[in-house]
Each structure stands twice: as structure tokens, then as C-alpha cells.
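Colleague: My file is upload-v2.pdb. It has PDB, C-alpha atoms and all ligand atoms:
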ATOM      1  CA  MET A   1     165.414-188.015  12.756
ATOM      2  CA  LEU A   2     165.481-190.561  15.519
ATOM      3  CA  ILE A   3     164.082-193.980  14.622
ATOM      4  CA  VAL A   4     162.820-196.170  17.451
ATOM      5  CA  HIS A   5     161.180-199.557  17.351
ATOM      6  CA  THR A   6     160.139-200.369  20.896
ATOM      7  CA  ILE A   7     157.693-198.754  23.298
ATOM      8  CA  ALA A   8     160.394-198.434  25.965
ATOM      9  CA  ASP A   9     162.787-196.676  23.570
ATOM     10  CA  LEU A  10     160.074-194.307  22.426
ATOM     11  CA  ARG A  11     159.148-193.395  25.997
ATOM     12  CA  ARG A  12     162.817-192.691  26.740
ATOM     13  CA  ALA A  13     163.210-190.609  23.573
ATOM     14  CA  LEU A  14     160.181-188.480  24.395
ATOM     15  CA  GLU A  15     160.902-188.105  28.126
ATOM     16  CA  HIS A  16     161.750-184.415  27.880
ATOM     17  CA  ALA A  17     159.535-183.528  24.927
ATOM     18  CA  CYS A  18     156.954-180.891  25.847
ATOM     19  CA  VAL A  19     154.292-180.661  23.165
ATOM     20  CA  ARG A  20     154.257-183.766  21.001
ATOM     21  CA  THR A  21     152.446-183.777  17.697
ATOM     22  CA  PHE A  22     151.650-187.086  16.087
ATOM     23  CA  VAL A  23     150.856-188.461  12.632
ATOM     24  CA  PRO A  24     150.134-192.200  12.633
ATOM     25  CA  THR A  25     150.570-193.958   9.273
ATOM     26  CA  MET A  26     150.869-197.400   7.740
ATOM     27  CA  GLY A  27     153.846-196.291   5.649
ATOM     28  CA  ASN A  28     154.129-196.193   1.847
ATOM     29  CA  LEU A  29     154.118-192.459   2.321
ATOM     30  CA  HIS A  30     152.947-189.978  -0.289
ATOM     31  CA  GLU A  31     152.357-186.242  -0.418
ATOM     32  CA  GLY A  32     149.121-186.696   1.561
ATOM     33  CA  HIS A  33     151.013-188.040   4.589
ATOM     34  CA  LEU A  34     153.774-185.461   4.216
ATOM     35  CA  SER A  35     151.270-182.616   4.202
ATOM     36  CA  LEU A  36     149.867-183.943   7.504
ATOM     37  CA  LEU A  37     153.372-183.834   8.960
ATOM     38  CA  ARG A  38     153.955-180.314   7.671
ATOM     39  CA  GLN A  39     150.682-179.366   9.336
ATOM     40  CA  ALA A  40     151.688-181.078  12.593
ATOM     41  CA  LYS A  41     155.196-179.613  12.788
ATOM     42  CA  PRO A  42     154.416-176.024  13.919
ATOM     43  CA  LEU A  43     151.758-177.226  16.392
ATOM     44  CA  GLY A  44     154.297-178.615  18.868
ATOM     45  CA  ASP A  45     157.936-179.082  19.836
ATOM     46  CA  VAL A  46     158.500-182.645  18.679
ATOM     47  CA  ALA A  47     156.850-184.132  15.589
ATOM     48  CA  VAL A  48     156.354-187.884  15.863
ATOM     49  CA  ALA A  49     155.256-190.161  13.017
ATOM     50  CA  SER A  50     154.531-193.852  13.253
ATOM     51  CA  ILE A  51     154.695-196.540  10.612
ATOM     52  CA  PHE A  52     152.831-199.699  11.474
ATOM     53  CA  VAL A  53     150.744-201.870   9.162
ATOM     54  CA  ASN A  54     148.032-202.815  11.592
ATOM     55  CA  ARG A  55     146.828-206.381  11.052
ATOM     56  CA  LEU A  56     143.785-205.745  13.281
ATOM     57  CA  GLN A  57     142.162-203.481  10.701
ATOM     58  CA  PHE A  58     142.395-205.878   7.757
ATOM     59  CA  LEU A  59     139.837-208.594   7.002
ATOM     60  CA  PRO A  60     141.320-212.026   6.201
ATOM     61  CA  HIS A  61     140.735-211.593   2.434
ATOM     62  CA  GLU A  62     142.166-208.049   2.365
ATOM     63  CA  ASP A  63     145.621-206.828   1.397
ATOM     64  CA  PHE A  64     147.551-207.034   4.689
ATOM     65  CA  ASP A  65     150.325-209.200   3.225
ATOM     66  CA  SER A  66     150.645-207.273  -0.027
ATOM     67  CA  TYR A  67     150.206-203.798   1.528
ATOM     68  CA  PRO A  68     153.144-201.814   0.082
ATOM     69  CA  ARG A  69     156.075-201.575   2.479
ATOM     70  CA  THR A  70     158.634-198.972   1.361
ATOM     71  CA  TRP A  71     160.754-198.462   4.477
ATOM     72  CA  GLU A  72     163.878-196.748   3.074
ATOM     73  CA  ARG A  73     161.931-194.285   0.962
ATOM     74  CA  ASP A  74     159.504-193.531   3.813
ATOM     75  CA  CYS A  75     162.424-192.724   6.155
ATOM     76  CA  GLU A  76     163.970-190.421   3.565
ATOM     77  CA  LEU A  77     160.684-188.558   2.982
ATOM     78  CA  LEU A  78     160.069-188.178   6.716
ATOM     79  CA  ARG A  79     163.596-186.794   7.171
ATOM     80  CA  GLN A  80     163.019-184.290   4.371
ATOM     81  CA  VAL A  81     159.776-183.056   5.884
ATOM     82  CA  GLY A  82     161.346-182.525   9.309
ATOM     83  CA  CYS A  83     159.917-185.422  11.295
ATOM     84  CA  ASP A  84     161.793-185.596  14.620
ATOM     85  CA  VAL A  85     160.972-189.100  15.802
ATOM     86  CA  LEU A  86     159.766-192.106  13.815
ATOM     87  CA  PHE A  87     158.147-194.898  15.808
ATOM     88  CA  ALA A  88     158.166-198.121  13.790
ATOM     89  CA  PRO A  89     157.272-201.025  16.030
ATOM     90  CA  THR A  90     157.189-204.634  14.880
ATOM     91  CA  GLU A  91     154.026-206.641  15.515
ATOM     92  CA  LYS A  92     155.787-208.264  18.478
ATOM     93  CA  ASP A  93     156.526-204.819  19.961
ATOM     94  CA  LEU A  94     152.985-203.537  19.603
ATOM     95  CA  TYR A  95     151.056-206.769  20.106
ATOM     96  CA  PRO A  96     153.350-208.970  22.251
ATOM     97  CA  GLU A  97     150.285-211.055  23.045
ATOM     98  CA  PRO A  98     146.939-211.240  21.209
ATOM     99  CA  GLN A  99     145.171-207.896  21.689
ATOM    100  CA  GLY A 100     142.186-209.104  23.745
ATOM    101  CA  TYR A 101     141.230-205.623  24.922
ATOM    102  CA  LYS A 102     139.805-203.670  22.018
ATOM    103  CA  VAL A 103     138.087-200.356  21.461
ATOM    104  CA  HIS A 104     134.584-200.816  19.993
ATOM    105  CA  PRO A 105     133.250-197.587  18.526
ATOM    106  CA  PRO A 106     129.448-197.166  18.491
ATOM    107  CA  ALA A 107     127.647-199.069  15.744
ATOM    108  CA  GLU A 108     125.789-196.035  14.405
ATOM    109  CA  LEU A 109     129.128-194.533  13.430
ATOM    110  CA  ALA A 110     131.358-197.546  12.879
ATOM    111  CA  ASP A 111     129.032-200.094  11.262
ATOM    112  CA  ILE A 112     127.914-197.829   8.424
ATOM    113  CA  LEU A 113     129.685-196.980   5.125
ATOM    114  CA  GLU A 114     133.277-198.307   5.453
ATOM    115  CA  GLY A 115     132.310-200.328   8.522
ATOM    116  CA  ALA A 116     129.452-202.018   6.659
ATOM    117  CA  PHE A 117     131.759-203.180   3.869
ATOM    118  CA  ARG A 118     134.783-203.835   6.100
ATOM    119  CA  PRO A 119     133.304-205.300   9.314
ATOM    120  CA  GLY A 120     135.597-204.764  12.289
ATOM    121  CA  PHE A 121     137.692-202.178  10.443
ATOM    122  CA  PHE A 122     137.015-199.368  12.899
ATOM    123  CA  VAL A 123     137.554-201.658  15.891
ATOM    124  CA  GLY A 124     141.026-202.350  14.492
ATOM    125  CA  VAL A 125     141.686-198.683  13.742
ATOM    126  CA  SER A 126     140.368-197.398  17.086
ATOM    127  CA  THR A 127     142.282-200.031  19.045
ATOM    128  CA  VAL A 128     145.629-199.311  17.416
ATOM    129  CA  VAL A 129     145.155-195.533  17.488
ATOM    130  CA  HIS A 130     144.177-195.620  21.177
ATOM    131  CA  LYS A 131     147.226-197.746  21.899
ATOM    132  CA  LEU A 132     149.513-195.476  19.866
ATOM    133  CA  PHE A 133     148.074-192.459  21.697
ATOM    134  CA  ASN A 134     148.910-194.108  25.031
ATOM    135  CA  ILE A 135     152.439-194.790  23.861
ATOM    136  CA  VAL A 136     153.231-191.448  22.187
ATOM    137  CA  GLN A 137     151.055-189.311  24.490
ATOM    138  CA  PRO A 138     150.674-186.530  21.939
ATOM    139  CA  GLN A 139     148.903-183.255  22.633
ATOM    140  CA  VAL A 140     147.985-182.946  18.955
ATOM    141  CA  ALA A 141     147.345-185.648  16.334
ATOM    142  CA  VAL A 142     146.697-185.029  12.642
ATOM    143  CA  PHE A 143     144.524-187.325  10.489
ATOM    144  CA  GLY A 144     143.640-186.911   6.811
ATOM    145  CA  LYS A 145     140.118-186.009   5.727
ATOM    146  CA  LYS A 146     140.572-188.512   2.906
ATOM    147  CA  ASP A 147     139.531-191.098   5.516
ATOM    148  CA  TYR A 148     136.589-188.966   6.565
ATOM    149  CA  GLN A 149     134.775-191.569   8.652
ATOM    150  CA  GLN A 150     138.018-192.634  10.330
ATOM    151  CA  LEU A 151     138.682-189.021  11.352
ATOM    152  CA  MET A 152     135.186-188.848  12.841
ATOM    153  CA  VAL A 153     135.542-192.168  14.688
ATOM    154  CA  ILE A 154     138.835-190.974  16.206
ATOM    155  CA  ARG A 155     137.415-187.563  17.143
ATOM    156  CA  ARG A 156     134.488-189.221  18.958
ATOM    157  CA  MET A 157     136.779-191.687  20.716
ATOM    158  CA  VAL A 158     138.979-188.879  22.008
ATOM    159  CA  GLN A 159     135.931-186.911  23.111
ATOM    160  CA  GLN A 160     134.139-189.811  24.855
ATOM    161  CA  MET A 161     137.282-191.205  26.479
ATOM    162  CA  ALA A 162     138.355-187.690  27.536
ATOM    163  CA  LEU A 163     141.786-188.142  25.982
ATOM    164  CA  PRO A 164     143.702-184.850  26.253
ATOM    165  CA  ILE A 165     144.487-184.729  22.533
ATOM    166  CA  ASP A 166     143.545-182.157  19.950
ATOM    167  CA  ILE A 167     142.522-183.962  16.750
ATOM    168  CA  VAL A 168     143.275-181.940  13.625
ATOM    169  CA  GLY A 169     141.932-182.800  10.159
ATOM    170  CA  GLY A 170     144.219-182.422   7.131
ATOM    171  CA  GLU A 171     142.857-181.642   3.663
ATOM    172  CA  THR A 172     142.955-184.386   1.045
ATOM    173  CA  CYS A 173     145.867-184.137  -1.393
ATOM    174  CA  ARG A 174     145.003-184.821  -5.002
ATOM    175  CA  ALA A 175     146.936-185.692  -8.147
ATOM    176  CA  GLU A 176     146.733-183.165 -10.984
ATOM    177  CA  ASP A 177     143.695-184.869 -12.498
ATOM    178  CA  GLY A 178     141.870-184.832  -9.126
ATOM    179  CA  LEU A 179     142.446-188.411  -7.924
ATOM    180  CA  ALA A 180     142.815-188.440  -4.134
ATOM    181  CA  LEU A 181     146.299-189.640  -3.171
ATOM    182  CA  SER A 182     146.278-193.076  -1.547
ATOM    183  CA  SER A 183     148.771-195.857  -1.017
ATOM    184  CA  ARG A 184     146.362-198.183  -2.819
ATOM    185  CA  ASN A 185     146.609-196.099  -6.031
ATOM    186  CA  GLY A 186     149.858-197.991  -6.560
ATOM    187  CA  TYR A 187     147.819-201.147  -7.298
ATOM    188  CA  LEU A 188     146.214-199.530 -10.385
ATOM    189  CA  SER A 189     147.305-200.472 -13.919
ATOM    190  CA  PRO A 190     148.020-197.489 -16.230
ATOM    191  CA  GLN A 191     144.534-197.835 -17.783
ATOM    192  CA  GLU A 192     142.909-198.061 -14.343
ATOM    193  CA  ARG A 193     144.933-195.088 -13.152
ATOM    194  CA  ALA A 194     143.545-193.012 -16.040
ATOM    195  CA  GLU A 195     139.998-194.113 -15.157
ATOM    196  CA  ALA A 196     140.412-193.683 -11.378
ATOM    197  CA  VAL A 197     139.647-189.946 -11.391
ATOM    198  CA  GLN A 198     136.037-190.802 -12.294
ATOM    199  CA  LEU A 199     135.331-191.575  -8.632
ATOM    200  CA  SER A 200     136.028-187.995  -7.577
ATOM    201  CA  MET A 201     134.201-186.714 -10.681
ATOM    202  CA  ALA A 202     131.102-188.732  -9.779
ATOM    203  CA  LEU A 203     131.305-187.369  -6.213
ATOM    204  CA  LYS A 204     131.623-183.830  -7.580
ATOM    205  CA  ALA A 205     128.548-184.363  -9.735
ATOM    206  CA  LEU A 206     126.650-185.784  -6.742
ATOM    207  CA  ALA A 207     127.654-182.798  -4.596
ATOM    208  CA  ALA A 208     126.606-180.349  -7.330
ATOM    209  CA  ALA A 209     123.255-182.106  -7.772
ATOM    210  CA  ALA A 210     122.684-182.009  -4.003
ATOM    211  CA  ARG A 211     123.451-178.287  -3.879
ATOM    212  CA  ALA A 212     121.132-177.634  -6.821
ATOM    213  CA  GLY A 213     118.365-179.741  -5.241
ATOM    214  CA  ASN A 214     118.658-177.896  -1.947
ATOM    215  CA  ALA A 215     118.610-174.543  -3.748
ATOM    216  CA  ALA A 216     115.500-175.578  -5.690
ATOM    217  CA  GLY A 217     113.791-176.799  -2.507
ATOM    218  CA  GLN A 218     113.577-180.384  -3.754
ATOM    219  CA  LEU A 219     116.239-182.901  -2.761
ATOM    220  CA  ASP A 220     115.896-186.645  -3.352
ATOM    221  CA  ALA A 221     119.204-187.975  -2.033
ATOM    222  CA  ALA A 222     118.384-191.623  -2.829
ATOM    223  CA  ALA A 223     117.716-190.791  -6.494
ATOM    224  CA  LEU A 224     120.937-188.784  -6.813
ATOM    225  CA  GLU A 225     122.920-191.551  -5.126
ATOM    226  CA  ALA A 226     121.451-194.117  -7.530
ATOM    227  CA  VAL A 227     122.570-191.977 -10.491
ATOM    228  CA  ALA A 228     126.124-191.742  -9.075
ATOM    229  CA  MET A 229     126.273-195.533  -8.531
ATOM    230  CA  GLU A 230     124.965-196.173 -12.053
ATOM    231  CA  THR A 231     127.455-193.710 -13.596
ATOM    232  CA  LEU A 232     130.334-195.682 -12.111
ATOM    233  CA  ARG A 233     128.802-199.086 -12.882
ATOM    234  CA  ALA A 234     128.383-198.092 -16.529
ATOM    235  CA  ARG A 235     132.123-197.382 -16.678
ATOM    236  CA  GLY A 236     132.996-200.820 -15.305
ATOM    237  CA  TRP A 237     133.369-199.976 -11.602
ATOM    238  CA  GLN A 238     131.819-201.936  -8.748
ATOM    239  CA  PRO A 239     130.664-199.214  -6.350
ATOM    240  CA  ASP A 240     130.012-200.109  -2.695
ATOM    241  CA  TYR A 241     128.359-196.780  -1.911
ATOM    242  CA  MET A 242     128.012-193.257  -3.245
ATOM    243  CA  THR A 243     126.124-191.275  -0.679
ATOM    244  CA  LEU A 244     125.113-187.874   0.647
ATOM    245  CA  ARG A 245     125.417-187.544   4.439
ATOM    246  CA  LYS A 246     125.319-184.969   7.207
ATOM    247  CA  GLN A 247     128.824-183.891   8.154
ATOM    248  CA  HIS A 248     128.297-183.981  11.890
ATOM    249  CA  ASP A 249     127.288-187.644  12.288
ATOM    250  CA  LEU A 250     127.282-189.132   8.755
ATOM    251  CA  SER A 251     123.561-189.857   9.025
ATOM    252  CA  PRO A 252     121.521-190.005   5.793
ATOM    253  CA  VAL A 253     119.707-187.000   4.369
ATOM    254  CA  SER A 254     115.984-187.097   3.666
ATOM    255  CA  GLY A 255     114.560-184.161   1.782
ATOM    256  CA  VAL A 256     115.980-180.662   1.681
ATOM    257  CA  CYS A 257     118.762-180.270   4.244
ATOM    258  CA  HIS A 258     120.653-177.084   5.017
ATOM    259  CA  GLU A 259     123.084-178.632   7.514
ATOM    260  CA  PRO A 260     126.695-179.037   6.308
ATOM    261  CA  LEU A 261     126.768-182.104   4.061
ATOM    262  CA  VAL A 262     129.418-184.411   2.665
ATOM    263  CA  VAL A 263     129.392-186.897  -0.199
ATOM    264  CA  LEU A 264     131.329-190.103   0.311
ATOM    265  CA  GLY A 265     132.094-192.911  -2.089
ATOM    266  CA  ALA A 266     133.828-196.271  -2.205
ATOM    267  CA  ALA A 267     134.194-198.347  -5.333
ATOM    268  CA  LYS A 268     136.298-201.112  -6.779
ATOM    269  CA  LEU A 269     138.132-200.616 -10.030
ATOM    270  CA  GLY A 270     139.422-204.022 -11.080
ATOM    271  CA  LYS A 271     140.854-205.441  -7.853
ATOM    272  CA  THR A 272     141.561-202.058  -6.231
ATOM    273  CA  ARG A 273     139.103-200.514  -3.798
ATOM    274  CA  LEU A 274     139.257-196.714  -3.675
ATOM    275  CA  ILE A 275     137.476-194.268  -1.351
ATOM    276  CA  ASP A 276     137.019-190.531  -1.567
ATOM    277  CA  ASN A 277     134.770-187.771  -0.245
ATOM    278  CA  LEU A 278     133.946-184.124  -0.745
ATOM    279  CA  GLU A 279     132.403-181.639   1.642
ATOM    280  CA  VAL A 280     129.369-180.133  -0.080
TER     281      VAL A 280
HETATM  282  O1  LIG B 301     144.880-194.164   8.124
HETATM  283  C1  LIG B 301     145.748-195.036   8.367
HETATM  284  O2  LIG B 301     146.794-195.125   7.719
HETATM  285  C2  LIG B 301     145.476-196.048   9.471
HETATM  286  O3  LIG B 301     144.135-196.379   9.534
HETATM  287  C3  LIG B 301     146.001-195.580  10.851
HETATM  288  C4  LIG B 301     145.264-194.360  11.338
HETATM  289  C5  LIG B 301     147.482-195.308  10.773
HETATM  290  C6  LIG B 301     145.778-196.694  11.885
HETATM  291  O4  LIG B 301     146.436-197.866  11.539
END
Represent the structure contained in this file as C-alpha cells.

Modeller:
Amino acid sequence: MLIVHTIADLRRALEHACVRTFVPTMGNLHEGHLSLLRQAKPLGDVAVASIFVNRLQFLPHEDFDSYPRTWERDCELLRQVGCDVLFAPTEKDLYPEPQGYKVHPPAELADILEGAFRPGFFVGVSTVVHKLFNIVQPQVAVFGKKDYQQLMVIRRMVQQMALPIDIVGGETCRAEDGLALSSRNGYLSPQERAEAVQLSMALKALAAAARAGNAAGQLDAAALEAVAMETLRARGWQPDYMTLRKQHDLSPVSGVCHEPLVVLGAAKLGKTRLIDNLEV
């Protein structure tokens, strides 16, 4: 695996690469990331991963400084999974001057759910992903469905900006008990880790209730969402949202709805904020 740190070196390394597949990450890799790489590998000739903890997508009070950085282990895992090129720029390489030009995704998609609780998050994500796309120039890029709204924001960006990139969604990897794998799981104490699965269980219950409501011809999404929020609150969580949405644009559901749906949730357990989702 070739490791490069600068844009110029990456461009040189990829000069003769035909079909480039790309998995951008912020490092602290786990099985979820590795499965995205395994998915990317057969879709092209050269599999590129990036590791860059992107300051632009963190709010001042968030965990940019403490975000886990596990360089040696990440390199080893990427080697094992057959990554060909790892792009790991420093902040100076990627943002040599303050990034004044930014990508602002539309409010109806980016200011809801995660964007409502983390203002500016999707501007930071879209800006860095657009920039990484320009640098790597992949034909295919793979993003996890764990970050469901992020995947949608990126898909729309690629579509509206006519970027010649096929965006592929990778299934969420889960621990044995059902907890979605995430770098932030590492912040959980052993007791919190045991409790953490309740987020996906509450989402499962919400999805089942939505299916049952639709089947019975009577669906009150707001009432079901309130039950899911209360279930978590009663167990000591601080939920930001537990919600039933339409898959195609994440808009709310009112009444019976036979379009493909998804339930999404975000909640804090102690100091750790976890997100998860489930297609209904
Ligand atoms: O999902 C992530 O890890 C990040 O948001 C991404 C896509 C690498 C952009 O920094």
C-alpha cells in the first residue's frame, strides 16, 4: 500500500490509474470502514482510502481534538484489506489557507436531523468530500448507510454538480448485540456499552410500529416517535430525535404512507452522542 500525504504526490501516484474507487474516512477504522473498502475493491482498478479528521465538520464544543487517532493500526488494517493507496493529508496540505469557498447543501436536506443539532456539519462534510473528489478523481465512491443523511447529501451533491462519480451505499456493520459500529463507540464506558444497543432496539420497535400502523391503515408517526423518545429518556438517554421519514428525501410522514421509509435516531448516552437508522 502506497501512503501519500500531499495532493501533488497523490496526483502523481494515480496518474496511470484507470478506474479509481474511493472510501473517505476520518480514521480510527473498524469493520464498518473495512467492509466499505472490500465493497469498493472489485469496482475499480485502484482502491484509494483517505484518512483526514476534518475540522470543518466539527462545532467548537465537539470532539475534534479528542477524536481517536490510531494511525499505525489504521494503516495495518487498510493493508490487510487490500487498499492500494492511502491519502493522509495534514491540515496544511488540505487547507493551506482558510477554506473560504464552501459547498452549502440545500437547507431542506442539510438543516434537518443531524444538521439541526450540528449546524454547519453538512457544509463541512460536503466541502471536504467535494475537495477530496477533485483530488482523487474517483469513478466510484463508497459511503456507509450508517450516516444515512450524509450519504443522501453526497448523492445529491454529485447529482446536482454533475460530478462523474458513482456513489455506492454500504450496509451498516453491527456488533453481535446489534450496536452499529462507530468510532465514537470507543468513548463508552463498559456500562454504557452494554446499554448502547438500546438505540437500535428503540429504532427497531419504531420501525415495527410504523409497519403495523401502515398495515392497519392508521399511522400516527408523531405519537410513535414520542414513544421512542420516551423509551430512551426513561433509560437515562438524552435523545435528539427518533423519527420516521421518507427514504427518498427524509421528509416527515403524515398518516399512512406506502413509500419506502426509514427510521433515524440520535441520542446521547452520558457524554457520547450515537446515531443509527434502519430502513423500514
Ligand atoms: O463519514 C465520515 O467519516 C466523514 O464525514 C467523511 C465522509 C470522511 C468526511 O470527512

Colleague: Quick one: of A:Ala8, A:Cys75, A:Leu109, A:Cys83, who's nearest to Asp45 of chain A, counting all atoms listed in the file?

Modeller: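 Between A:Ala8, A:Cys75, A:Leu109, A:Cys83, the residue approaching Asp45 of chain A most closely is A:Cys83.
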
Colleague: From the set A:Leu34, A:Leu188, A:Leu261, A:Val23, which residue has the shortest atom-to-atom contact distance to ligand LIG 301 (chain B), counting all atoms listed in the file?

Modeller: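 Between A:Leu34, A:Leu188, A:Leu261, A:Val23, the residue approaching ligand LIG 301 (chain B) most closely is A:Val23.
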
Colleague: Would you mind listing what lies within 8 Å of Gln39 of chain A as a PyMOL selection string, with only C-alpha atoms counted and same-chain residues fewer than 4 positions away left out?

Modeller: chain A and resi 35+43+142+170

Colleague: Please identify every polymer residue within 7 Å of ligand LIG 301 (chain B), using all atoms listed in the file, and present the set as number ranges by chain.

Modeller: A: 24-26, 52-54, 125, 128-129, 147

Colleague: Given the PyMOL selection byres (((chain A and resi 114) around 10) and not hetatm) and the file above, list the residues it selects as a PDB file with C-alpha atoms, in the coordinates of the input.

Modeller:
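The file below, part.pdb, is the result:
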ATOM      1  CA  LEU A 109     129.128-194.533  13.430  1.00  0.00           C
ATOM      2  CA  ALA A 110     131.358-197.546  12.879  1.00  0.00           C
ATOM      3  CA  ASP A 111     129.032-200.094  11.262  1.00  0.00           C
ATOM      4  CA  ILE A 112     127.914-197.829   8.424  1.00  0.00           C
ATOM      5  CA  LEU A 113     129.685-196.980   5.125  1.00  0.00           C
ATOM      6  CA  GLY A 115     132.310-200.328   8.522  1.00  0.00           C
ATOM      7  CA  ALA A 116     129.452-202.018   6.659  1.00  0.00           C
ATOM      8  CA  PHE A 117     131.759-203.180   3.869  1.00  0.00           C
ATOM      9  CA  ARG A 118     134.783-203.835   6.100  1.00  0.00           C
ATOM     10  CA  PRO A 119     133.304-205.300   9.314  1.00  0.00           C
ATOM     11  CA  GLY A 120     135.597-204.764  12.289  1.00  0.00           C
ATOM     12  CA  PHE A 121     137.692-202.178  10.443  1.00  0.00           C
ATOM     13  CA  PHE A 122     137.015-199.368  12.899  1.00  0.00           C
ATOM     14  CA  ASP A 147     139.531-191.098   5.516  1.00  0.00           C
ATOM     15  CA  TYR A 148     136.589-188.966   6.565  1.00  0.00           C
ATOM     16  CA  GLN A 149     134.775-191.569   8.652  1.00  0.00           C
ATOM     17  CA  GLN A 150     138.018-192.634  10.330  1.00  0.00           C
ATOM     18  CA  ASP A 240     130.012-200.109  -2.695  1.00  0.00           C
ATOM     19  CA  TYR A 241     128.359-196.780  -1.911  1.00  0.00           C
ATOM     20  CA  LEU A 264     131.329-190.103   0.311  1.00  0.00           C
ATOM     21  CA  GLY A 265     132.094-192.911  -2.089  1.00  0.00           C
ATOM     22  CA  ALA A 266     133.828-196.271  -2.205  1.00  0.00           C
ATOM     23  CA  ILE A 275     137.476-194.268  -1.351  1.00  0.00           C
TER      24      ILE A 275
END

Colleague: Would you mind telling me which residue in A:Asp84, A:Glu72, A:Glu192, A:Asp63 lies nearest to Asn28 of chain A when using all atoms listed in the file?

Modeller: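 Checking each candidate against Asn28 of chain A, we get A:Glu72 as the closest.
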
Colleague: Here is a test: counting all atoms listed in the file, which residue of A:Ile3, A:Ile51, A:Ala196, A:Leu206 is nearest to Leu278 of chain A?

Modeller: A:Leu206

Colleague: Mind giving me the straight-line distance from atom CA of Asn185 of chain A to atom CA of Trp237 of chain A in Å, one decimal?

Modeller: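 Separation of atom CA of Asn185 of chain A and atom CA of Trp237 of chain A: 14.9 Å.
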
Colleague: To one decimal place in Å, what is the distance between atom CA of Gln139 of chain A and atom CA of Leu77 of chain A?

Modeller: 23.5 Å

Colleague: Nearest to Gln80 of chain A among A:Met1, A:Tyr95, A:Ala212, A:Met157, with distances taken over all atoms listed in the file: which residue is it?

Modeller: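 Of the candidates, the smallest distance to Gln80 of chain A is held by A:Met1.
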
Colleague: Which residues, written as a list in words, have at least one atom at most 9 Å from Gly82 of chain A, with all atoms listed in the file counted and residues fewer than 4 positions away on the same chain left out?

Modeller: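 The neighbour list is Met1, Leu37, Arg38, Lys41, Ala47, Leu77 and Leu78 of chain A.
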
Colleague: Export N, CA and C atoms of segment 35-49 of chain A from the structure just given, as a PDB file, in the first residue's frame?

Modeller:
ATOM      1  N   SER A  35     -15.396  -2.932   5.546  1.00  0.00           N
ATOM      2  CA  SER A  35     -16.385  -3.524   4.635  1.00  0.00           C
ATOM      3  C   SER A  35     -16.636  -2.585   3.448  1.00  0.00           C
ATOM      4  N   LEU A  36     -16.543  -1.273   3.662  1.00  0.00           N
ATOM      5  CA  LEU A  36     -16.712  -0.338   2.544  1.00  0.00           C
ATOM      6  C   LEU A  36     -15.566  -0.518   1.546  1.00  0.00           C
ATOM      7  N   LEU A  37     -14.370  -0.731   2.089  1.00  0.00           N
ATOM      8  CA  LEU A  37     -13.213  -0.942   1.199  1.00  0.00           C
ATOM      9  C   LEU A  37     -13.323  -2.248   0.423  1.00  0.00           C
ATOM     10  N   ARG A  38     -13.785  -3.283   1.128  1.00  0.00           N
ATOM     11  CA  ARG A  38     -13.976  -4.579   0.436  1.00  0.00           C
ATOM     12  C   ARG A  38     -14.994  -4.410  -0.677  1.00  0.00           C
ATOM     13  N   GLN A  39     -16.005  -3.595  -0.415  1.00  0.00           N
ATOM     14  CA  GLN A  39     -17.038  -3.347  -1.432  1.00  0.00           C
ATOM     15  C   GLN A  39     -16.455  -2.534  -2.595  1.00  0.00           C
ATOM     16  N   ALA A  40     -15.573  -1.605  -2.283  1.00  0.00           N
ATOM     17  CA  ALA A  40     -15.001  -0.729  -3.316  1.00  0.00           C
ATOM     18  C   ALA A  40     -14.022  -1.474  -4.218  1.00  0.00           C
ATOM     19  N   LYS A  41     -13.255  -2.358  -3.614  1.00  0.00           N
ATOM     20  CA  LYS A  41     -12.137  -3.034  -4.301  1.00  0.00           C
ATOM     21  C   LYS A  41     -12.488  -3.580  -5.701  1.00  0.00           C
ATOM     22  N   PRO A  42     -13.507  -4.452  -5.824  1.00  0.00           N
ATOM     23  CA  PRO A  42     -13.773  -5.043  -7.140  1.00  0.00           C
ATOM     24  C   PRO A  42     -14.416  -4.072  -8.128  1.00  0.00           C
ATOM     25  N   LEU A  43     -14.756  -2.860  -7.679  1.00  0.00           N
ATOM     26  CA  LEU A  43     -15.457  -1.923  -8.573  1.00  0.00           C
ATOM     27  C   LEU A  43     -14.492  -1.089  -9.415  1.00  0.00           C
ATOM     28  N   GLY A  44     -13.182  -1.280  -9.215  1.00  0.00           N
ATOM     29  CA  GLY A  44     -12.222  -0.491  -9.985  1.00  0.00           C
ATOM     30  C   GLY A  44     -10.861  -1.141 -10.008  1.00  0.00           C
ATOM     31  N   ASP A  45      -9.870  -0.388 -10.518  1.00  0.00           N
ATOM     32  CA  ASP A  45      -8.506  -0.928 -10.614  1.00  0.00           C
ATOM     33  C   ASP A  45      -7.670  -0.556  -9.393  1.00  0.00           C
ATOM     34  N   VAL A  46      -7.904   0.646  -8.883  1.00  0.00           N
ATOM     35  CA  VAL A  46      -7.084   1.125  -7.764  1.00  0.00           C
ATOM     36  C   VAL A  46      -8.013   1.595  -6.641  1.00  0.00           C
ATOM     37  N   ALA A  47      -7.876   0.970  -5.480  1.00  0.00           N
ATOM     38  CA  ALA A  47      -8.710   1.354  -4.331  1.00  0.00           C
ATOM     39  C   ALA A  47      -7.964   2.380  -3.486  1.00  0.00           C
ATOM     40  N   VAL A  48      -8.587   3.549  -3.349  1.00  0.00           N
ATOM     41  CA  VAL A  48      -7.972   4.641  -2.584  1.00  0.00           C
ATOM     42  C   VAL A  48      -8.795   4.875  -1.323  1.00  0.00           C
ATOM     43  N   ALA A  49      -8.111   5.007  -0.189  1.00  0.00           N
ATOM     44  CA  ALA A  49      -8.795   5.423   1.049  1.00  0.00           C
ATOM     45  C   ALA A  49      -8.157   6.732   1.489  1.00  0.00           C
TER      46      ALA A  49
END
